[in-house]
Every structure is written in C-alpha cells, then in structure tokens.
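First comes the structure, then the notes that go with it.
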Amino acid sequence: MSEKVEIRRVQAYSGERSFTFVLPKMFAQKMGIEKGDFLKVYLEHDKLVVQKADL
C-alpha cells in the first residue's frame, strides 16, 4: 500500500440499501473523482474496491 491509510466512520444510513461514508479528498483527487461522477463498487475477497466508472 503506497498511500497513507485513513480510518473513516460510516456517516449515515441512506434508505434501505445504502451507507454513506466520506472518501478522503487525497484519494478522490488522485483518482480524478469529482461531484456527480459514478463509481464502480465491488468486493474482491475481503476488500471493498472503489473505481471511477467510465460511462
């Protein structure tokens, strides 16, 4: 892992199917994620993977 590890708390339950957490700004900037972008989210073994979706 080359990036600094950050611990974040789940901020809220959003309806029946979602949780809200805040992605550290440093990670979002490095990935080019901006407001309104879509993200792909999936499990890979015991890890949650988040990728910017190219639609």
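Order determines the names: the first chain of the structure tokens is A, the second B, and so forth; residues in each chain are numbered 1 upward, and ligands are numbered 1 upward as they are shown.
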*All strand (DSSP E) positions in chain A, as a PyMOL selection string*: chain A and resi 12-14+18-20+39-44+47-52
*asked:* I'd like the contact shell of A:Val41 - 7 Å cut-off, only C-alpha atoms, skipping same-chain residues fewer than 3 positions apart - returned as a list in words.
replied: Val49, Val50 and Gln51 of chain A
Next, the residues of the selection above should be written as a tab-separated table (two decimals), in the first residue's frame with N, CA and C atoms.
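Full text of selection25.tsv as output:
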```
chain	number	residue	atom	x	y	z
A	49	VAL	N	-13.57	-2.56	-3.16
A	49	VAL	CA	-12.85	-1.87	-4.23
A	49	VAL	C	-13.75	-0.78	-4.79
A	50	VAL	N	-13.21	0.42	-4.94
A	50	VAL	CA	-13.94	1.55	-5.49
A	50	VAL	C	-13.13	2.08	-6.69
A	51	GLN	N	-13.79	2.15	-7.84
A	51	GLN	CA	-13.13	2.65	-9.04
A	51	GLN	C	-14.03	3.69	-9.70
```
*With a distance cut-off of 10 Å and only C-alpha atoms, select the neighbouring residues of stretch 5-11 of chain A, excluding the residue or stretch itself and same-chain residues fewer than 5 positions from it, and output the selection as a VMD selection string.*
chain A and resid 19 to 24 27
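Within 10 Å of A:Asp54, once only C-alpha atoms are used and residues closer than 2 positions along the same chain are dropped, the contacting residues are A:Asp37, A:Phe38, A:Leu39, A:Lys40, A:Gln51, A:Lys52.
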_DSSP helix (DSSP H, G or I) selection over chain A, as a PyMOL selection string_ = chain A and resi 25-31
Would you write out those residues with N, CA and C atoms, as a tab-separated table (two decimals), in the first residue's frame?
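Output file again.tsv follows:
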```tsv
chain	number	residue	atom	x	y	z
A	25	LYS	N	-10.25	13.14	0.62
A	25	LYS	CA	-10.06	14.03	-0.53
A	25	LYS	C	-8.80	13.69	-1.31
A	26	MET	N	-7.74	13.33	-0.60
A	26	MET	CA	-6.47	12.98	-1.25
A	26	MET	C	-6.67	11.84	-2.25
A	27	PHE	N	-7.45	10.82	-1.86
A	27	PHE	CA	-7.69	9.67	-2.74
A	27	PHE	C	-8.56	10.07	-3.92
A	28	ALA	N	-9.62	10.84	-3.66
A	28	ALA	CA	-10.52	11.27	-4.73
A	28	ALA	C	-9.76	12.12	-5.76
A	29	GLN	N	-8.92	13.02	-5.30
A	29	GLN	CA	-8.16	13.86	-6.22
A	29	GLN	C	-7.21	13.02	-7.07
A	30	LYS	N	-6.53	12.06	-6.45
A	30	LYS	CA	-5.60	11.20	-7.21
A	30	LYS	C	-6.31	10.39	-8.27
A	31	MET	N	-7.57	10.00	-7.99
A	31	MET	CA	-8.35	9.20	-8.93
A	31	MET	C	-9.15	10.05	-9.90
```
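Of note, atom CA of A:Gly15 and atom CA of A:Ile33 are spaced 23.7 Å apart.
For the pair atom CA of A:Glu16 and atom CA of A:Gly32, the interatomic distance is 29.0 Å.
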